[in-house]
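> File name data21.txt; file contents compact mmCIF, C-alpha atoms; full text below.
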```txt
# COMPACT_ATOMS: atom_id res chain seq x y z
CA MET M 1 328.48 112.29 169.75
CA ARG M 2 328.40 109.65 172.44
CA PHE M 3 327.72 109.50 176.15
CA GLN M 4 329.91 107.94 178.78
CA ASP M 5 329.83 107.46 182.55
CA ALA M 6 331.97 109.96 184.42
CA LYS M 7 335.13 108.55 185.94
CA PRO M 8 334.46 108.03 189.63
CA ASP M 9 336.56 110.15 191.96
CA GLY M 10 336.38 110.87 195.69
CA ARG M 11 333.83 113.62 195.26
CA ALA M 12 331.62 111.39 193.15
CA VAL M 13 331.65 108.59 195.71
CA VAL M 14 330.57 110.92 198.51
CA TYR M 15 328.03 112.64 196.30
CA ALA M 16 326.51 109.31 195.25
CA HIS M 17 325.61 108.67 198.89
CA ILE M 18 323.87 112.04 199.08
CA GLN M 19 321.99 111.40 195.85
CA ALA M 20 320.73 108.10 197.27
CA ASP M 21 319.75 109.54 200.66
CA PRO M 22 316.07 108.73 201.37
CA LEU M 23 315.43 112.37 202.30
CA VAL M 24 316.61 113.54 198.87
CA VAL M 25 314.50 110.86 197.19
CA ARG M 26 311.38 111.71 199.22
CA THR M 27 311.73 115.47 198.77
CA ALA M 28 312.31 115.16 195.03
CA ASP M 29 309.20 112.95 194.71
CA LEU M 30 307.13 115.57 196.55
CA LEU M 31 308.47 118.51 194.56
CA ALA M 32 307.94 116.73 191.25
CA ALA M 33 304.19 116.75 191.90
CA ALA M 34 304.12 120.18 193.54
CA THR M 35 302.61 123.49 192.49
CA THR M 36 304.83 126.52 191.93
CA VAL M 37 303.98 128.02 195.34
CA GLN M 38 304.73 124.70 197.04
CA ARG M 39 308.13 124.74 195.33
CA VAL M 40 308.70 128.31 196.54
CA LEU M 41 307.89 127.02 200.05
CA GLY M 42 310.52 124.32 199.67
CA ARG M 43 313.10 126.80 198.44
CA ALA M 44 312.41 129.28 201.26
CA VAL M 45 312.48 126.67 204.03
CA MET M 46 315.63 124.98 202.75
CA ASN M 47 317.28 128.43 202.55
CA GLY M 48 315.81 129.59 205.82
CA GLU M 49 316.81 129.99 209.44
CA SER M 50 313.60 129.15 211.34
CA ALA M 51 313.07 125.55 212.40
CA ASP M 52 309.51 126.10 213.64
CA PRO M 53 306.94 124.88 211.07
CA ALA M 54 304.35 127.30 212.47
CA VAL M 55 306.44 130.24 211.21
CA TRP M 56 306.38 128.91 207.66
CA ARG M 57 302.66 128.11 207.76
CA VAL M 58 301.99 131.77 208.58
CA MET M 59 304.33 132.90 205.79
CA PHE M 60 302.42 130.91 203.15
CA PRO M 61 298.71 131.74 203.63
CA THR M 62 297.76 130.39 200.21
CA LEU M 63 299.04 126.95 201.26
CA PHE M 64 298.09 126.84 204.95
CA GLY M 65 295.66 129.69 205.68
CA GLU M 66 292.05 130.61 204.88
CA ARG M 67 292.83 130.71 201.17
CA ALA M 68 294.44 127.25 201.17
CA ALA M 69 293.02 123.86 200.23
CA ALA M 70 291.17 122.31 203.15
CA ALA M 71 293.03 120.19 205.66
CA GLY M 72 293.00 116.54 204.65
CA THR M 73 292.95 117.20 200.92
CA PRO M 74 295.85 115.82 198.84
CA GLU M 75 297.07 119.35 198.03
CA ARG M 76 297.17 120.40 201.68
CA ASP M 77 298.81 117.11 202.68
CA ARG M 78 301.49 117.71 200.05
CA SER M 79 302.15 121.20 201.42
CA GLU M 80 302.60 119.76 204.89
CA ALA M 81 304.85 116.99 203.59
CA ILE M 82 307.02 119.46 201.64
CA LEU M 83 307.31 121.64 204.73
CA ALA M 84 308.38 118.69 206.89
CA ALA M 85 310.88 117.37 204.33
CA SER M 86 312.34 120.83 203.71
CA LEU M 87 312.81 121.43 207.43
CA ALA M 88 314.60 118.08 207.63
CA VAL M 89 316.98 119.19 204.87
CA ALA M 90 317.56 122.56 206.57
CA ASP M 91 318.31 120.74 209.80
CA ARG M 92 321.33 118.98 208.28
CA GLY M 93 323.68 121.95 208.80
CA GLU M 94 325.02 124.46 206.31
CA GLN M 95 327.50 122.39 204.32
CA THR M 96 325.37 119.26 204.16
CA ARG M 97 322.23 121.16 203.29
CA SER M 98 324.06 122.79 200.41
CA GLN M 99 325.00 119.36 199.00
CA PHE M 100 321.48 118.06 199.59
CA ARG M 101 319.94 120.98 197.74
CA GLY M 102 322.16 120.42 194.72
CA ALA M 103 321.36 116.70 194.66
CA LEU M 104 317.71 117.51 195.08
CA VAL M 105 317.52 119.69 191.97
CA GLU M 106 319.19 116.94 189.95
CA ALA M 107 316.81 114.30 191.28
CA LEU M 108 313.83 116.54 190.57
CA THR M 109 315.05 117.20 187.04
CA GLU M 110 315.52 113.48 186.45
CA ARG M 111 311.97 112.72 187.59
CA LEU M 112 310.36 115.44 185.49
CA LEU M 113 312.29 114.55 182.34
CA ALA M 114 311.42 110.88 182.79
CA GLU M 115 307.73 111.79 182.53
CA ARG M 116 308.34 113.08 179.02
CA THR M 117 311.16 111.05 177.56
CA ASN M 118 313.83 108.42 178.10
CA PRO M 119 316.46 107.21 178.74
CA VAL M 120 317.38 109.77 181.39
CA ARG M 121 320.83 109.40 182.97
CA ARG M 122 322.88 111.17 185.64
CA GLU M 123 326.52 112.32 185.77
CA ARG M 124 327.44 111.59 182.16
CA ARG M 125 330.14 113.00 179.92
CA ILE M 126 329.57 113.76 176.26
CA LEU M 127 332.31 112.94 173.79
CA PHE M 128 332.80 114.36 170.30
CA ASP M 129 335.27 113.13 167.68
CA GLY M 130 338.39 115.25 167.54
CA ARG M 131 337.52 117.32 170.62
CA PRO M 132 339.01 116.96 174.09
CA ALA M 133 336.41 115.70 176.55
CA GLU M 134 335.14 118.08 179.20
CA ILE M 135 336.32 117.21 182.68
CA HIS M 136 333.01 117.79 184.40
CA PRO M 137 330.06 115.54 183.62
CA TYR M 138 326.60 116.88 182.86
CA ASP M 139 324.17 116.54 185.76
CA VAL M 140 321.31 114.98 183.80
CA THR M 141 321.19 113.78 180.22
CA VAL M 142 318.59 112.39 177.84
CA GLU M 143 320.18 109.98 175.44
CA GLY M 144 317.48 109.10 172.98
CA ASP M 145 318.29 108.69 169.30
CA GLY M 146 317.98 112.05 167.58
CA ALA M 147 316.67 113.77 170.70
CA ALA M 148 319.61 114.14 173.05
CA GLU M 149 319.59 116.64 175.89
CA ALA M 150 322.15 117.80 178.47
CA TRP M 151 321.10 119.69 181.59
CA ASP M 152 323.08 121.41 184.28
CA CYS M 153 321.19 121.81 187.55
CA LYS M 154 321.52 124.63 190.06
CA TRP M 155 319.85 125.35 193.36
CA GLY M 156 320.00 129.10 192.88
CA ALA M 157 320.53 131.66 190.14
CA ARG M 158 323.84 132.52 191.70
CA GLY M 159 325.14 129.13 190.58
CA ILE M 160 324.90 130.23 186.94
CA LYS M 161 328.50 130.97 186.03
CA ALA M 162 330.43 131.62 182.84
CA ASP M 163 332.17 128.22 182.83
CA VAL M 164 328.86 126.38 183.05
CA ILE M 165 327.41 128.40 180.19
CA HIS M 166 330.51 127.82 178.07
CA GLN M 167 330.48 124.07 178.68
CA LEU M 168 326.86 123.79 177.64
CA ASP M 169 327.43 125.91 174.55
CA ASP M 170 330.51 123.90 173.59
CA ALA M 171 328.51 120.68 173.78
CA ARG M 172 325.74 122.17 171.63
CA ALA M 173 328.31 123.35 169.07
CA GLY M 174 330.05 119.96 169.15
CA ALA M 175 326.83 118.19 168.25
CA VAL M 176 326.16 120.63 165.42
CA SER M 177 329.68 120.12 164.05
CA GLU M 178 328.91 116.40 163.76
CA GLY M 179 325.64 117.08 161.99
CA GLY M 180 323.65 116.19 165.09
CA LYS M 181 321.52 118.05 167.59
CA LEU M 182 321.85 118.41 171.33
CA LEU M 183 319.43 120.43 173.40
CA VAL M 184 321.37 122.03 176.26
CA GLY M 185 320.06 123.94 179.22
CA LEU M 186 320.06 125.03 182.81
CA VAL M 187 317.53 123.89 185.39
CA VAL M 188 317.51 126.34 188.27
CA PHE M 189 315.41 126.04 191.43
CA ASP M 190 315.02 129.80 191.60
CA ALA M 191 312.83 132.48 190.03
CA ARG M 192 313.24 133.16 186.34
CA ARG M 193 313.69 136.87 186.99
CA SER M 194 316.79 136.19 189.12
CA CYS M 195 318.14 133.66 186.61
CA GLU M 196 317.81 136.01 183.65
CA VAL M 197 319.80 138.84 185.22
CA ARG M 198 322.50 136.35 186.19
CA LEU M 199 322.60 134.73 182.77
CA VAL M 200 322.96 138.02 180.94
CA ARG M 201 325.90 139.08 183.12
CA GLU M 202 327.71 135.72 182.99
CA ARG M 203 327.22 134.74 179.37
CA GLY M 204 330.27 136.57 177.97
CA PRO M 205 330.46 136.02 174.21
CA VAL M 206 328.07 133.04 174.27
CA ALA M 207 324.82 133.45 172.34
CA ILE M 208 322.44 132.37 175.08
CA GLU M 209 319.60 131.78 172.64
CA GLY M 210 321.02 128.27 172.21
CA ILE M 211 320.74 127.51 175.93
CA LYS M 212 317.37 126.66 177.47
CA LEU M 213 316.60 128.12 180.85
CA ILE M 214 314.12 126.26 183.03
CA ALA M 215 313.45 128.18 186.23
CA LEU M 216 311.33 127.29 189.25
CA GLU M 217 308.07 128.57 187.76
CA GLY M 218 308.57 126.53 184.58
CA LEU M 219 309.83 123.20 185.94
CA ASP M 220 306.78 121.34 184.70
CA ARG M 221 307.90 122.08 181.14
CA LEU M 222 310.61 119.45 181.64
CA ALA M 223 307.82 116.91 181.97
CA GLY M 224 305.90 118.33 179.02
CA ARG M 225 303.23 119.73 181.35
CA ARG M 226 301.89 123.23 181.80
CA PRO M 227 303.00 124.88 185.07
CA ALA M 228 300.61 124.15 187.97
CA MET R 229 291.47 151.46 208.74
CA PHE R 230 292.68 148.32 207.00
CA THR R 231 296.03 147.12 205.73
CA THR R 232 296.45 147.63 202.02
CA VAL R 233 298.50 145.80 199.43
CA ALA R 234 300.68 148.93 199.20
CA ASP R 235 301.39 148.74 202.94
CA LEU R 236 302.59 145.15 202.58
CA VAL R 237 304.70 145.89 199.51
CA ASP R 238 306.37 148.71 201.47
CA ARG R 239 307.11 146.26 204.27
CA ALA R 240 308.55 143.72 201.83
CA LEU R 241 310.73 146.41 200.22
CA ALA R 242 312.05 147.49 203.62
CA ALA R 243 313.02 143.89 204.48
CA PHE R 244 314.54 143.55 201.01
CA GLU R 245 316.67 146.66 201.60
CA VAL R 246 318.02 145.20 204.87
CA LEU R 247 319.05 142.04 203.01
CA ALA R 248 320.82 144.10 200.34
CA VAL R 249 322.85 145.85 203.03
CA THR R 250 323.69 142.50 204.66
CA ALA R 251 324.87 141.18 201.27
CA GLU R 252 327.15 144.17 200.58
CA PRO R 253 330.39 142.63 201.94
CA VAL R 254 330.41 140.07 199.10
CA SER R 255 332.16 142.46 196.73
CA ASP R 256 332.38 139.90 193.89
CA GLU R 257 328.59 139.82 193.75
CA LEU R 258 327.92 143.54 194.01
CA GLN R 259 326.64 143.71 190.43
CA TYR R 260 324.33 140.73 190.98
CA VAL R 261 322.99 142.25 194.19
CA THR R 262 322.36 145.51 192.34
CA ASP R 263 320.62 143.65 189.52
CA LEU R 264 318.40 141.74 191.94
CA THR R 265 317.52 144.94 193.76
CA THR R 266 316.57 146.58 190.49
CA VAL R 267 314.41 143.85 188.98
CA TRP R 268 312.66 142.66 192.13
CA GLY R 269 312.13 146.19 193.41
CA ALA R 270 310.46 147.03 190.11
CA ARG R 271 308.29 143.89 190.27
CA LEU R 272 307.09 144.63 193.80
CA ARG R 273 306.42 148.30 193.02
CA ALA R 274 304.41 147.24 189.96
CA VAL R 275 302.10 145.27 192.27
CA SER R 276 301.72 148.32 194.45
CA THR R 277 300.87 150.46 191.45
CA ALA R 278 298.28 148.01 190.17
CA ARG R 279 296.67 146.93 193.45
CA GLY R 280 298.04 149.26 196.11
CA ALA R 281 294.68 150.54 197.37
CA GLU R 282 293.19 147.06 197.72
CA ALA R 283 292.73 145.52 201.15
CA ALA R 284 295.44 142.95 201.82
CA PRO R 285 294.31 139.36 201.14
CA ALA R 286 293.53 137.14 204.13
CA GLY R 287 296.66 136.11 205.97
CA ALA R 288 298.97 138.34 203.94
CA ASP R 289 299.58 140.84 206.75
CA ALA R 290 300.79 138.14 209.15
CA ALA R 291 302.72 136.48 206.31
CA MET R 292 304.64 139.65 205.55
CA HIS R 293 305.39 140.15 209.24
CA ALA R 294 306.77 136.59 209.47
CA LEU R 295 308.71 137.03 206.23
CA ALA R 296 310.36 140.25 207.42
CA ALA R 297 311.24 138.60 210.73
CA GLU R 298 312.78 135.64 208.90
CA ALA R 299 314.82 137.95 206.66
CA ALA R 300 316.04 139.80 209.75
CA LEU R 301 317.54 136.55 211.04
CA VAL R 302 319.86 136.36 208.03
CA THR R 303 323.26 137.69 209.05
CA ASP R 304 325.51 135.81 206.63
CA PRO R 305 326.12 137.91 203.50
CA HIS R 306 326.04 134.89 201.17
CA ARG R 307 322.77 133.70 202.66
CA ALA R 308 321.46 137.23 202.24
CA ILE R 309 322.12 137.03 198.49
CA ASP R 310 320.05 133.84 198.32
CA TRP R 311 317.30 135.61 200.24
CA LEU R 312 317.31 138.60 197.91
CA SER R 313 315.83 136.23 195.36
CA THR R 314 313.71 134.22 197.81
CA LEU R 315 312.02 137.04 199.73
CA PRO R 316 310.22 138.59 196.73
CA GLN R 317 308.92 135.18 195.62
CA VAL R 318 307.44 134.54 199.06
CA ALA R 319 306.02 138.07 199.31
CA LEU R 320 304.38 137.80 195.89
CA ALA R 321 302.93 134.38 196.73
CA ALA R 322 301.37 135.82 199.90
CA LEU R 323 299.77 138.56 197.81
CA GLY R 324 298.47 136.02 195.30
CA GLU R 325 300.85 137.19 192.59
CA ALA R 326 303.12 135.23 190.28
CA ALA R 327 306.86 135.87 190.51
```
As structure tokens, please, write out the structure in this file.


Amino acid sequence: MRFQDAKPDGRAVVYAHIQADPLVVRTADLLAAATTVQRVLGRAVMNGESADPAVWRVMFPTLFGERAAAAGTPERDRSEAILAASLAVADRGEQTRSQFRGALVEALTERLLAERTNPVRRERRILFDGRPAEIHPYDVTVEGDGAAEAWDCKWGARGIKADVIHQLDDARAGAVSEGGKLLVGLVVFDARRSCEVRLVRERGPVAIEGIKLIALEGLDRLAGRRPA
Amino acid sequence: MFTTVADLVDRALAAFEVLAVTAEPVSDELQYVTDLTTVWGARLRAVSTARGAEAAPAGADAAMHALAAEAALVTDPHRAIDWLSTLPQVALAALGEAA
């Protein structure tokens, strides 16, 4: 089993610019340190219609209301910063915001994994002797000796599709056939409950026990932390 | 007379139902929409069963009103599918519940 950079194509060139956008970088940094409810805020705002921050502050009383951390505390400041960054993403228009959200989940995954292990890489293919290489690269990989991982990242549970599940399972099986081990999984910026119903319907003949599912509530597990 | 947790769950379920209707034209995702309706409806009703008679937590009444209004703005069926997963998470957070 070996890792290789994906061959650059037109899509990759455009996508690289989105991945490097300062707004993606800033939002990923904020969400990496966020609580679960702050991440739900980010998801809702980036999926939402309203551009008025006051609407969202009312909708999240545990972040901005009487029950929230006091104004001026780091936790409250982070909530405000996530709200502002998420509104900026939502403001980019439907197609662009969709690309931003995908890049954001990858960037977030990269940051969280890097807290636990290294080296963490993006957009890499995995090659196995005697097997044709998959066309699509894996979003995020960990390439340490004896502890390799391959993650596919999705903004929503709806992005979990049969072809993604099959590709991950094929990679896992490929590593096993070479006497190695590859942890494969999905990182989804959506509730576990939604992901599970999707996964069960889309898995086909794949035994999903071999595929890790990291949903929004469990993102801190990527970093080896307990959920906040 | 105060607003109860059950009142707010009912309001969330009503907004959820509107989203499900908005999502209906996406025929390829009918099963997924049905699955989301089943599991999230059950989760919200479980909160109502456990805490329904409690007074709503501070800010939750206004939060649910804003959430329902936001959901009502969603007219695109694909966006509605996204919101079928998002709305319950926001509603549960307002009630101080985990997803």

> Which chain M residues are at most 8 Å from chain R (counting only C-alpha atoms), as an NGL selection string?

:M and (37 or 40-41 or 43-44 or 47-50 or 55-56 or 58-62 or 65-67 or 156 or 158 or 190-191 or 193-194 or 197-198 or 217)

> Can you list, as JSON, numbers by chain, every protein, DNA or RNA residue that comes within 9 Å of stretch 20-34 of chain M when you count all atoms listed in the file, leaving out same-chain residues fewer than 4 positions away?

{"M": [15, 16, 38, 39, 42, 75, 78, 79, 81, 82, 85, 86, 88, 89, 100, 101, 103, 104, 105, 106, 107, 108, 109, 111, 112, 219, 220, 228]}

> Compare M:Pro137, M:Pro119, M:Gly102, M:Pro132 by their minimum atom-to-atom distance to M:Lys7, counting only C-alpha atoms, and give me the closest one.

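Smallest separation from M:Lys7 among the options: M:Pro137.
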
> Which of these, M:Glu196, M:Asp77, M:Glu209, M:Asp91, has the shortest distance to M:Asp52 once you count all atoms listed in the file?

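Closest to M:Asp52 of all the choices is M:Asp91.
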
> Could you state the separation of atom CA of M:Gly185 and atom CA of M:Ile211 in Å, given to one decimal place?

4.9 Å

> Which one is closest to M:Arg172: M:Gly144, M:Ala70, M:Lys212, M:Trp155? Count only C-alpha atoms.

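So, comparing all the options, the nearest one is M:Lys212.
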
> For M:Ala175, find every residue with an atom within 12 Å (counting only C-alpha atoms), except residues of its own chain fewer than 5 positions away, and show them as JSON, numbers by chain.

{"M": [1, 2, 3, 126, 127, 128, 129, 130, 131, 146, 147, 148, 149, 150, 168, 169, 170, 180, 181, 182, 183, 184]}

> Take the residues from that selection and put them in a file with C-alpha atoms, as a CSV table (one decimal), in the frame of the given file.


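Output saved as part-v4.csv:
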```
chain,number,residue,atom,x,y,z
M,1,MET,CA,328.5,112.3,169.8
M,2,ARG,CA,328.4,109.6,172.4
M,3,PHE,CA,327.7,109.5,176.2
M,126,ILE,CA,329.6,113.8,176.3
M,127,LEU,CA,332.3,112.9,173.8
M,128,PHE,CA,332.8,114.4,170.3
M,129,ASP,CA,335.3,113.1,167.7
M,130,GLY,CA,338.4,115.2,167.5
M,131,ARG,CA,337.5,117.3,170.6
M,146,GLY,CA,318.0,112.0,167.6
M,147,ALA,CA,316.7,113.8,170.7
M,148,ALA,CA,319.6,114.1,173.0
M,149,GLU,CA,319.6,116.6,175.9
M,150,ALA,CA,322.2,117.8,178.5
M,168,LEU,CA,326.9,123.8,177.6
M,169,ASP,CA,327.4,125.9,174.6
M,170,ASP,CA,330.5,123.9,173.6
M,180,GLY,CA,323.6,116.2,165.1
M,181,LYS,CA,321.5,118.0,167.6
M,182,LEU,CA,321.8,118.4,171.3
M,183,LEU,CA,319.4,120.4,173.4
M,184,VAL,CA,321.4,122.0,176.3
```

> Report, in Å to a single decimal, how far apart atom CA of R:Val249 and atom CA of M:Leu213 are.

29.1 Å

> Quick one: pull the distance between atom CA of M:Ala173 and atom CA of M:Ala12, Å, one decimal.

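Taking atom CA of M:Ala173 as the start and atom CA of M:Ala12 as the end point, the length is 27.1 Å.
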
> Which is closer to M:Ile160 than all the others in M:Val200, M:Thr117, M:Met46, M:Ala68, using all atoms listed in the file?

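Looking at the shortest contact to M:Ile160, the residue is M:Val200.
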
> From the set R:Leu258, R:Ala274, R:Ala281, R:Leu247, which residue has the shortest atom-to-atom contact distance to R:Asp304, counting all atoms listed in the file?

R:Leu247

> Mind rebuilding stretch 258-269 of chain R with all heavy atoms and writing that out as a CSV table (one decimal), keeping the file's coordinate frame?


```
chain,number,residue,atom,x,y,z
R,258,LEU,N,328.6,142.2,193.9
R,258,LEU,CA,327.9,143.5,194.0
R,258,LEU,C,327.0,143.8,192.8
R,258,LEU,O,325.9,144.3,193.0
R,258,LEU,CB,329.0,144.6,194.1
R,258,LEU,CG,328.5,146.0,194.7
R,258,LEU,CD1,327.9,145.8,196.1
R,258,LEU,CD2,329.7,146.9,194.8
R,259,GLN,N,327.5,143.5,191.6
R,259,GLN,CA,326.6,143.7,190.4
R,259,GLN,C,325.4,142.9,190.5
R,259,GLN,O,324.3,143.4,190.1
R,259,GLN,CB,327.4,143.4,189.2
R,259,GLN,CG,326.7,143.7,187.9
R,259,GLN,CD,326.4,145.1,187.7
R,259,GLN,OE1,327.3,146.0,187.7
R,259,GLN,NE2,325.1,145.5,187.7
R,260,TYR,N,325.5,141.6,190.9
R,260,TYR,CA,324.3,140.7,191.0
R,260,TYR,C,323.3,141.3,192.0
R,260,TYR,O,322.1,141.3,191.8
R,260,TYR,CB,324.8,139.3,191.3
R,260,TYR,CG,323.7,138.3,191.4
R,260,TYR,CD1,322.7,138.2,190.4
R,260,TYR,CD2,323.6,137.4,192.5
R,260,TYR,CE1,321.7,137.2,190.4
R,260,TYR,CE2,322.5,136.5,192.6
R,260,TYR,CZ,321.6,136.4,191.5
R,260,TYR,OH,320.6,135.5,191.6
R,261,VAL,N,323.9,141.7,193.2
R,261,VAL,CA,323.0,142.2,194.2
R,261,VAL,C,322.3,143.5,193.7
R,261,VAL,O,321.0,143.6,193.9
R,261,VAL,CB,323.8,142.6,195.5
R,261,VAL,CG1,323.0,143.4,196.4
R,261,VAL,CG2,324.3,141.3,196.1
R,262,THR,N,323.0,144.3,192.9
R,262,THR,CA,322.4,145.5,192.3
R,262,THR,C,321.3,145.1,191.3
R,262,THR,O,320.2,145.7,191.3
R,262,THR,CB,323.4,146.4,191.6
R,262,THR,OG1,324.4,146.7,192.6
R,262,THR,CG2,322.8,147.6,191.0
R,263,ASP,N,321.6,144.1,190.5
R,263,ASP,CA,320.6,143.6,189.5
R,263,ASP,C,319.4,143.1,190.2
R,263,ASP,O,318.2,143.4,189.8
R,263,ASP,CB,321.2,142.6,188.6
R,263,ASP,CG,322.3,143.1,187.7
R,263,ASP,OD1,322.3,144.3,187.5
R,263,ASP,OD2,323.1,142.3,187.1
R,264,LEU,N,319.6,142.3,191.2
R,264,LEU,CA,318.4,141.7,191.9
R,264,LEU,C,317.6,142.9,192.6
R,264,LEU,O,316.3,142.8,192.5
R,264,LEU,CB,318.8,140.8,193.0
R,264,LEU,CG,319.4,139.4,192.6
R,264,LEU,CD1,319.9,138.6,193.8
R,264,LEU,CD2,318.4,138.6,191.8
R,265,THR,N,318.2,143.8,193.1
R,265,THR,CA,317.5,144.9,193.8
R,265,THR,C,316.7,145.7,192.7
R,265,THR,O,315.5,146.1,193.0
R,265,THR,CB,318.5,145.9,194.4
R,265,THR,OG1,319.3,145.2,195.3
R,265,THR,CG2,317.8,147.0,195.2
R,266,THR,N,317.3,145.8,191.6
R,266,THR,CA,316.6,146.6,190.5
R,266,THR,C,315.3,145.8,190.0
R,266,THR,O,314.2,146.4,190.0
R,266,THR,CB,317.5,146.8,189.3
R,266,THR,OG1,318.7,147.6,189.8
R,266,THR,CG2,316.8,147.6,188.2
R,267,VAL,N,315.5,144.6,189.6
R,267,VAL,CA,314.4,143.8,189.0
R,267,VAL,C,313.3,143.5,190.0
R,267,VAL,O,312.1,143.6,189.6
R,267,VAL,CB,314.9,142.6,188.2
R,267,VAL,CG1,315.8,143.0,187.1
R,267,VAL,CG2,315.5,141.6,189.1
R,268,TRP,N,313.7,143.0,191.2
R,268,TRP,CA,312.7,142.7,192.1
R,268,TRP,C,312.0,143.9,192.7
R,268,TRP,O,310.8,143.9,193.0
R,268,TRP,CB,313.2,141.8,193.2
R,268,TRP,CG,313.5,140.3,192.8
R,268,TRP,CD1,314.7,139.7,192.6
R,268,TRP,CD2,312.5,139.4,192.3
R,268,TRP,NE1,314.5,138.4,192.1
R,268,TRP,CE2,313.1,138.2,192.0
R,268,TRP,CE3,311.1,139.4,192.2
R,268,TRP,CZ2,312.5,137.1,191.5
R,268,TRP,CZ3,310.4,138.3,191.8
R,268,TRP,CH2,311.1,137.1,191.4
R,269,GLY,N,312.8,144.9,192.9
R,269,GLY,CA,312.1,146.2,193.4
R,269,GLY,C,311.1,146.7,192.4
R,269,GLY,O,310.0,147.1,192.8
```
